[in-house]
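Text of the file target-v2.cif, holding mmCIF, C-alpha atoms:
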data_input
#
loop_
_atom_site.label_atom_id
_atom_site.label_comp_id
_atom_site.auth_asym_id
_atom_site.auth_seq_id
_atom_site.Cartn_x
_atom_site.Cartn_y
_atom_site.Cartn_z
CA MET A 1 99.57 105.72 62.94
CA LYS A 2 101.56 103.13 64.86
CA PHE A 3 99.99 99.88 66.02
CA GLU A 4 100.71 100.61 69.71
CA GLU A 5 98.87 103.93 69.46
CA ILE A 6 95.87 102.37 67.74
CA TYR A 7 95.85 99.56 70.27
CA THR A 8 95.91 101.87 73.30
CA LEU A 9 93.29 104.16 71.79
CA TYR A 10 90.86 101.51 70.60
CA TRP A 11 91.19 98.47 72.88
CA GLN A 12 88.47 99.56 75.32
CA LYS A 13 86.14 100.73 72.55
CA ILE A 14 86.47 97.50 70.60
CA TYR A 15 86.12 95.42 73.75
CA ARG A 16 82.89 97.25 74.67
CA LEU A 17 81.50 96.75 71.17
CA CYS A 18 82.24 93.02 71.30
CA ARG A 19 80.85 92.77 74.82
CA GLY A 20 77.66 94.45 73.61
CA TYR A 21 77.42 91.84 70.88
CA VAL A 22 78.07 88.66 72.89
CA ASN A 23 77.53 89.77 76.53
CA ASP A 24 80.32 87.54 77.78
CA ASP A 25 83.51 89.01 79.19
CA ASP A 26 86.00 86.32 78.08
CA TRP A 27 84.39 85.81 74.72
CA ALA A 28 84.41 89.58 74.07
CA LYS A 29 88.13 89.71 74.94
CA ASP A 30 88.79 86.87 72.47
CA ILE A 31 86.98 88.70 69.66
CA ALA A 32 88.77 91.97 70.52
CA GLN A 33 92.10 90.13 70.45
CA ASP A 34 91.32 88.53 67.08
CA THR A 35 90.38 91.96 65.77
CA PHE A 36 93.72 93.45 66.77
CA VAL A 37 95.58 90.50 65.25
CA ILE A 38 93.97 91.42 61.90
CA VAL A 39 94.70 95.12 62.48
CA PHE A 40 98.32 94.24 63.30
CA ASN A 41 98.71 92.12 60.17
CA GLN A 42 96.92 94.47 57.80
CA LEU A 43 98.00 97.87 59.07
CA SER A 44 100.65 98.16 56.37
CA THR A 45 98.01 97.65 53.66
CA PHE A 46 95.59 100.21 55.13
CA ARG A 47 95.19 102.84 52.40
CA ASN A 48 93.33 105.61 54.21
CA GLU A 49 90.29 105.10 51.98
CA SER A 50 88.26 105.36 55.15
CA SER A 51 89.22 106.68 58.58
CA VAL A 52 91.21 104.38 60.86
CA SER A 53 88.22 104.31 63.18
CA THR A 54 85.81 103.10 60.44
CA TRP A 55 88.38 100.53 59.33
CA ILE A 56 88.89 99.09 62.80
CA TYR A 57 85.20 99.03 63.68
CA ARG A 58 84.44 97.21 60.43
CA ILE A 59 87.03 94.56 61.21
CA ALA A 60 85.68 94.16 64.75
CA ILE A 61 82.07 93.83 63.56
CA ASN A 62 82.96 91.34 60.86
CA ASN A 63 84.73 89.35 63.56
CA CYS A 64 81.58 89.50 65.67
CA LEU A 65 79.62 88.12 62.70
CA LYS A 66 81.98 85.17 62.48
CA GLN A 67 80.98 84.19 66.02
CA ILE A 68 77.86 82.60 64.51
CA GLU A 69 80.04 79.56 63.85
CA LYS A 70 81.32 79.49 67.41
CA GLN A 71 78.07 80.02 69.29
CA LYS A 72 77.92 76.40 70.40
CA ARG A 73 81.35 76.67 71.99
CA HIS A 74 80.19 79.44 74.30
CA PRO A 75 76.96 78.27 75.90
CA LYS A 76 78.00 79.94 79.17
CA SER A 77 76.95 83.40 77.98
CA GLU A 78 73.36 82.62 78.97
CA ALA A 79 74.29 82.01 82.58
CA LYS A 80 76.45 85.11 82.77
CA ASN A 81 73.52 87.30 81.79
CA HIS A 82 72.32 87.22 85.34
CA ILE A 83 75.40 88.58 87.04
CA TYR A 84 73.66 91.91 87.54
CA GLU A 85 71.34 90.31 90.06
CA VAL A 86 74.10 89.39 92.49
CA SER A 87 76.58 92.27 92.33
CA GLU A 88 76.61 94.69 95.25
CA GLU A 89 77.76 97.68 93.21
CA PRO A 90 74.77 99.67 91.87
CA LEU A 91 76.77 100.93 88.88
CA GLU A 92 77.91 97.42 87.99
CA ASN A 93 74.35 96.20 88.27
CA LYS A 94 73.18 98.92 85.94
CA LEU A 95 75.96 98.22 83.48
CA ALA A 96 75.24 94.49 83.48
CA PHE A 97 71.57 95.29 82.95
CA LEU A 98 72.48 97.53 79.99
CA TYR A 99 74.55 94.77 78.44
CA LYS A 100 71.73 92.31 79.02
CA CYS A 101 69.21 94.64 77.33
CA ILE A 102 71.55 95.17 74.38
CA ASN A 103 72.15 91.44 74.07
CA GLU A 104 68.40 90.90 73.78
CA LEU A 105 68.28 93.11 70.67
CA LYS A 106 68.69 91.81 67.13
CA GLU A 107 72.31 91.47 65.96
CA LEU A 108 72.33 94.55 63.70
CA ASP A 109 70.64 96.65 66.39
CA ARG A 110 73.26 95.54 68.94
CA ILE A 111 76.01 96.81 66.66
CA ILE A 112 74.25 100.09 65.88
CA ILE A 113 73.48 100.98 69.50
CA SER A 114 76.99 100.03 70.66
CA LEU A 115 78.48 102.38 68.06
CA GLU A 116 76.01 105.13 68.99
CA LEU A 117 76.87 104.80 72.69
CA GLU A 118 80.53 105.06 71.69
CA ASN A 119 79.68 108.51 70.27
CA ILE A 120 80.35 107.54 66.65
CA ARG A 121 78.73 109.92 64.13
CA GLN A 122 75.66 108.53 62.38
CA SER A 123 77.29 109.00 58.97
CA GLU A 124 80.19 106.84 60.14
CA ILE A 125 77.83 104.21 61.57
CA ALA A 126 76.19 104.12 58.12
CA SER A 127 79.57 103.60 56.49
CA ILE A 128 80.60 100.91 58.98
CA THR A 129 77.41 98.89 58.69
CA GLY A 130 76.57 99.55 55.03
CA ILE A 131 73.06 100.91 55.60
CA SER A 132 71.78 104.40 54.79
CA GLU A 133 72.18 107.26 57.24
CA GLY A 134 68.42 107.76 57.35
CA ASN A 135 67.95 104.13 58.27
CA VAL A 136 70.61 104.43 60.99
CA ARG A 137 68.75 107.41 62.48
CA VAL A 138 65.42 105.56 62.51
CA LYS A 139 66.96 102.45 64.04
CA ILE A 140 68.81 104.40 66.77
CA HIS A 141 65.61 106.20 67.71
CA ARG A 142 63.70 102.92 67.93
CA ILE A 143 66.42 101.13 69.93
CA LYS A 144 66.76 103.98 72.41
CA GLU A 145 63.03 103.92 73.02
CA GLN A 146 63.21 100.20 73.74
CA LEU A 147 66.15 100.67 76.12
CA SER A 148 64.49 103.57 77.99
CA LYS A 149 61.36 101.46 78.51
CA LYS A 150 63.40 98.61 79.94
CA PHE A 151 65.33 100.95 82.23
CA LYS A 152 62.08 102.49 83.49
CA ASN A 153 60.97 99.05 84.61
CA TYR A 154 64.41 98.40 86.11
CA GLU A 155 64.37 101.61 88.17
CA MET B 156 67.38 107.23 82.15
CA ASN B 157 68.17 109.71 79.36
CA GLU B 158 70.49 109.36 76.38
CA ASN B 159 73.54 110.90 78.06
CA ASP B 160 73.12 108.70 81.12
CA LEU B 161 73.17 105.68 78.84
CA LYS B 162 76.35 106.87 77.13
CA ASP B 163 78.04 107.61 80.46
CA LEU B 164 77.05 104.22 81.77
CA TRP B 165 78.33 102.50 78.62
CA GLN B 166 81.64 104.31 78.67
CA SER B 167 82.15 103.73 82.38
CA GLN B 168 83.18 100.20 81.44
CA SER B 169 86.84 101.02 80.98
CA ALA B 170 88.43 99.97 84.23
CA MET B 171 89.52 96.68 82.74
CA ALA B 172 93.28 96.60 82.22
CA VAL B 173 94.37 96.72 78.59
CA PRO B 174 96.32 93.56 77.79
CA ASP B 175 99.91 94.08 76.71
CA TRP B 176 100.01 94.67 72.95
CA LYS B 177 102.97 92.33 72.65
CA GLU B 178 100.51 89.54 73.46
CA ILE B 179 98.74 90.38 70.20
CA GLN B 180 102.02 90.06 68.31
CA SER B 181 102.85 86.67 69.78
CA HIS B 182 99.25 85.49 69.28
CA SER B 183 99.49 86.49 65.62
CA ALA B 184 102.81 84.67 65.18
CA LYS B 185 101.37 81.54 66.79
CA LEU B 186 98.35 81.57 64.48
CA LYS B 187 100.56 81.88 61.39
CA ALA B 188 102.78 79.03 62.55
CA LYS B 189 99.74 76.84 63.19
CA THR B 190 98.31 77.45 59.70
CA ARG B 191 101.68 76.68 58.13
CA ARG B 192 102.06 73.51 60.20
CA ASN B 193 98.61 72.24 59.18
CA LEU B 194 99.36 72.87 55.52
CA ILE B 195 102.69 71.04 55.69
CA LEU B 196 101.16 68.13 57.59
CA SER B 197 98.32 67.61 55.12
CA SER B 198 100.76 67.80 52.18
CA ILE B 199 102.99 65.15 53.78
CA LEU B 200 100.00 62.88 54.43
CA LEU B 201 98.83 63.25 50.85
CA THR B 202 102.26 62.44 49.44
CA LEU B 203 102.74 59.47 51.76
CA THR B 204 99.37 57.96 50.81
CA MET B 205 100.16 58.25 47.12
CA VAL B 206 103.65 56.80 47.55
CA PHE B 207 102.16 53.92 49.56
CA ILE B 208 99.61 53.04 46.85
CA CYS B 209 102.22 53.35 44.11
CA LEU B 210 104.57 51.07 46.09
CA ILE B 211 101.87 48.41 46.45
CA VAL B 212 101.19 48.53 42.71
CA TRP B 213 104.92 48.39 41.97
CA TYR B 214 105.64 45.62 44.50
CA PHE B 215 102.84 43.25 43.48
CA LYS B 216 103.35 44.00 39.76
CA PRO B 217 99.70 43.65 38.69
CA GLU B 218 99.13 42.16 35.24
CA MET B 219 95.53 43.18 34.70
CA ARG B 220 94.54 46.67 33.64
CA THR B 221 91.63 46.72 36.12
CA THR B 222 94.07 46.63 39.05
CA LYS B 223 95.97 49.66 37.78
CA ILE B 224 92.78 51.57 37.00
CA GLY B 225 91.45 50.68 40.45
CA ALA B 226 94.55 51.98 42.20
CA LEU B 227 94.43 55.11 40.05
CA LEU B 228 90.79 55.74 40.97
CA VAL B 229 91.57 55.44 44.68
CA ILE B 230 94.43 57.96 44.27
CA VAL B 231 92.14 60.30 42.30
CA ALA B 232 89.50 60.10 45.05
CA ILE B 233 92.01 60.96 47.78
CA VAL B 234 93.65 63.75 45.80
CA MET B 235 90.29 65.22 44.82
CA ASN B 236 89.11 65.25 48.40
CA LEU B 237 92.26 67.01 49.55
CA ILE B 238 92.21 69.52 46.70
CA VAL B 239 88.60 70.47 47.45
CA THR B 240 89.36 70.84 51.15
CA GLY B 241 92.37 72.95 50.18
CA LYS B 242 90.26 74.94 47.73
CA LEU B 243 88.01 76.00 50.55
CA LEU B 244 90.90 77.75 52.26
CA PRO B 245 91.53 80.44 49.62
CA LEU B 246 87.76 80.83 49.42
CA LEU B 247 87.78 81.82 53.06
CA LYS B 248 90.90 83.92 52.61
CA LYS B 249 89.35 85.97 49.82
CA GLN B 250 87.14 87.62 52.44
CA ASP B 251 87.98 91.27 53.01
CA ALA B 252 87.93 91.82 56.76
CA SER B 253 87.51 95.58 56.41
CA GLU B 254 84.50 95.89 54.10
CA ASP B 255 81.24 97.16 55.54
CA MET B 256 79.06 94.79 57.58
CA ASN B 257 76.33 94.46 54.94
CA ALA B 258 78.78 93.56 52.14
CA HIS B 259 80.72 91.23 54.44
CA LEU B 260 77.57 89.42 55.47
CA LYS B 261 76.53 88.86 51.86
CA GLN B 262 79.98 87.50 51.00
CA LEU B 263 79.97 85.24 54.04
CA LEU B 264 76.60 83.85 52.97
CA GLU B 265 77.85 83.21 49.45
CA ILE B 266 80.94 81.39 50.74
CA LYS B 267 78.92 79.23 53.11
CA LYS B 268 76.49 78.26 50.33
CA GLU B 269 79.39 77.36 48.05
CA GLN B 270 80.97 75.31 50.82
CA HIS B 271 77.65 73.54 51.41
CA PHE B 272 77.41 72.61 47.71
CA LEU B 273 81.02 71.42 47.45
CA GLN B 274 80.87 69.27 50.56
CA THR B 275 77.72 67.40 49.54
CA LYS B 276 78.80 66.71 45.95
CA ILE B 277 82.39 65.87 46.76
CA ILE B 278 81.56 63.38 49.50
CA ALA B 279 79.30 61.47 47.10
CA LEU B 280 81.92 61.51 44.34
CA TYR B 281 84.64 60.48 46.79
CA PHE B 282 82.70 57.42 47.92
CA ILE B 283 81.79 56.41 44.35
CA LEU B 284 85.38 56.66 43.10
CA LEU B 285 86.74 54.87 46.14
CA SER B 286 84.23 52.01 45.86
CA ILE B 287 84.75 51.48 42.12
CA GLY B 288 88.51 51.71 42.62
CA ILE B 289 88.54 49.04 45.33
CA PHE B 290 86.28 46.72 43.33
CA LEU B 291 88.47 46.98 40.23
CA TYR B 292 91.67 46.63 42.22
CA MET B 293 90.45 43.41 43.81
CA ILE B 294 89.49 41.61 40.59
CA GLU B 295 92.99 40.33 39.80
CA TYR B 296 93.66 38.97 43.27
CA THR B 297 90.20 37.47 43.67
CA LEU B 298 90.58 35.56 40.39
CA LYS B 299 93.53 33.77 41.93
CA MET B 300 91.39 32.57 44.84
CA SER B 301 88.93 29.67 44.92
CA THR B 302 85.34 30.47 43.89
CA ILE B 303 84.11 30.43 47.48
CA GLY B 304 87.02 32.57 48.61
CA GLY B 305 86.26 35.06 45.82
CA ILE B 306 82.57 35.19 46.69
CA ILE B 307 83.34 35.73 50.38
CA THR B 308 85.90 38.44 49.61
CA TYR B 309 83.51 40.33 47.34
CA ALA B 310 80.60 39.82 49.75
CA VAL B 311 82.58 41.25 52.67
CA THR B 312 83.81 44.17 50.57
CA SER B 313 80.28 44.82 49.29
CA VAL B 314 78.91 44.88 52.81
CA TRP B 315 81.68 47.23 53.89
CA ILE B 316 81.04 49.57 50.94
CA ALA B 317 77.26 49.41 51.48
CA LEU B 318 77.80 50.34 55.11
CA ASN B 319 79.86 53.32 53.98
CA TRP B 320 77.36 54.39 51.33
CA PHE B 321 74.12 53.89 53.26
CA TYR B 322 75.25 54.68 56.79
CA ILE B 323 78.55 56.59 57.09
CA ARG B 324 78.09 58.80 54.01
CA PRO B 325 74.60 60.12 54.94
CA LEU B 326 75.75 60.53 58.52
CA THR B 327 78.80 62.58 57.49
CA ILE B 328 76.73 64.71 55.12
CA LYS B 329 74.01 65.18 57.71
CA LYS B 330 76.50 66.27 60.36
CA GLN B 331 78.25 68.73 58.04
CA GLN B 332 75.00 70.04 56.64
CA PHE B 333 73.44 70.57 60.02
CA LYS B 334 76.40 72.72 61.05
CA ILE B 335 76.54 74.70 57.86
CA ASN B 336 72.75 75.04 57.54
CA THR B 337 72.55 76.53 61.02
CA VAL B 338 75.22 79.06 60.07
CA ILE B 339 73.46 79.92 56.78
CA GLU B 340 70.13 80.23 58.58
CA ASN B 341 71.59 82.61 61.17
CA LEU B 342 73.39 84.67 58.53
CA GLU B 343 70.16 84.96 56.55
CA LYS B 344 68.35 86.09 59.68
CA ILE B 345 70.87 88.93 60.18
CA ASN B 346 70.76 89.71 56.46
CA GLY B 347 67.01 90.15 56.79
CA GLN B 348 67.58 92.78 59.47
CA PHE B 349 69.15 95.04 56.85
CA GLU B 350 65.88 95.13 54.95
CA GLU B 351 63.72 96.04 57.95
#
Is it possible to express this structure as structure tokens?
Amino acid sequence: MKFEEIYTLYWQKIYRLCRGYVNDDDWAKDIAQDTFVIVFNQLSTFRNESSVSTWIYRIAINNCLKQIEKQKRHPKSEAKNHIYEVSEEPLENKLAFLYKCINELKELDRIIISLELENIRQSEIASITGISEGNVRVKIHRIKEQLSKKFKNYE
Amino acid sequence: MNENDLKDLWQSQSAMAVPDWKEIQSHSAKLKAKTRRNLILSSILLTLTMVFICLIVWYFKPEMRTTKIGALLVIVAIVMNLIVTGKLLPLLKKQDASEDMNAHLKQLLEIKKEQHFLQTKIIALYFILLSIGIFLYMIEYTLKMSTIGGIITYAVTSVWIALNWFYIRPLTIKKQQFKINTVIENLEKINGQFEE
């Protein structure tokens, strides 16, 4: 697969995953960009041991993990959480609320639910995160319950 | 809101324009150039410092062994500090960006703990070597001074070294440790989530 194809196919998906993790538009773009720099540099060494999708998601998530060291440089994310209150578009409000709810979850749960919402198979989520499929299933069920509760209050 | 609504809502976030992929290429090239530049710069600085110390020793032609040992200790301290800093780079590079999240997290934790250990020990060793080196180096020149001059010189140097040891060293360690401890703490928190 060529880099341009991968880039076009995965940019939005990776951006959404990063946005789910940090809930900050610019910061998410930075992480997505860093992810594709690694993909660009390492594509020639990719050995098809896993699917391209698993490979790219793993790189993106490991990049998200690295953000722990940069958290102090992005204190603005807190303020941006409240954008949903001022937008006039109902869909945008809902989307911002979804991101806010996801951002309130624990780090691992943020990753798992973002992948689930991206329609990634649970077996692949297990392989990306390194936890068992059974555990993935239990966690997804629990997170969805939490999200539904929050959305009930929102509506 | 049911499961499909959530997925639709999530995937509706795609209106954002995809940045040109050539930007990624140029960003990658810039990063590589920056790393190379930093490496070259630190190597030049290291070489210059050593040449400078060697020149001083050569120019003043010290007769006593303590002077030469002192200069050597200062060089060793500087080289050791740079080597350890440089050693941390491959440590970070050994990370595999495409392993699963759990494995990556554990490796990241290990690296951070190693870094934490190295920084604390090396800073202490650096200060000790540097202080002993300076004291030894000064003996020859102080002997040529008057007694009062020698006492003043050693007193001033002692105060300066004490300031480094009791104020600057703990401050540097504290600053570095605070940063790295926060990272380790957060990584351990995420690591704990895998066991839940």
For the structure shown, which residues end up in the PyMOL selection byres ((chain B and resi 282) around 8)? Put them as a ChimeraX atom specification, please? /B:232,278-281,283-286,319-320,324
If we count all atoms listed in the file, which residues of chain A reach to within 6 Å of chain B? Please list them as a ChimeraX atom specification. /A:37,55,58-59,117,128-130
Atom pair CA of Ile111 (chain A) / CA of Tyr7 (chain A): separation (Å):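 For CA of Ile111 (chain A) relative to CA of Tyr7 (chain A), the distance reads 20.4 Å.
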Name the residues captured by the PyMOL selection byres ((chain A and resi 116) around 12) when it is applied to the shown file; answer as number ranges by chain. A: 13, 16-17, 20, 109-115, 117-126, 128, 136-137, 139-141, 143-144; B: 158-159, 161-163, 165-166
Distance CA of Val22 (chain A)-CA of Lys94 (chain A), one decimal place?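 Going from CA of Val22 (chain A) over to CA of Lys94 (chain A) covers 17.3 Å.
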Go ahead and compute the interatomic distance for CA of Ser53 (chain A) and CA of Tyr10 (chain A), in Å to one decimal.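 That distance, rounded to one decimal, is 8.4 Å.
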Using only C-alpha atoms, find the one residue out of B:Val206, B:Val239, B:Leu264, B:Ala310 that sits nearest to Glu343 (chain B).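 Once distances to Glu343 (chain B) are computed over only C-alpha atoms, the minimum belongs to B:Leu264.
Residue neighbourhood of Ala226 (chain B), excluding near-sequence residues (fewer than 6 positions): Ile208, Val212, Gly288, Ile289 and Tyr292 of chain B, at 8 Å, using only C-alpha atoms.
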Result set of the PyMOL selection byres ((chain A and resi 151) around 9) on the coordinates above, as a list in words: Lys94, Phe97, Leu98, Cys101, Gln146, Leu147, Ser148, Lys149, Lys150, Lys152, Asn153, Tyr154 and Glu155 of chain A; Met156 of chain B
Box for region 90-100 of chain A - axis-aligned, 6 Å on each of the six sides, all listed atoms - centre and size in Å to one decimal, as AutoDock Vina command-line options.
--center_x 74.7 --center_y 96.6 --center_z 85.2 --size_x 18.3 --size_y 20.6 --size_z 25.4
Counting only C-alpha atoms, the residue of A:Leu43, A:Glu104, A:Ile38, A:Tyr99 that sits nearest Lys2 (chain A):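 Using only C-alpha atoms, the shortest distance to Lys2 (chain A) belongs to A:Leu43.
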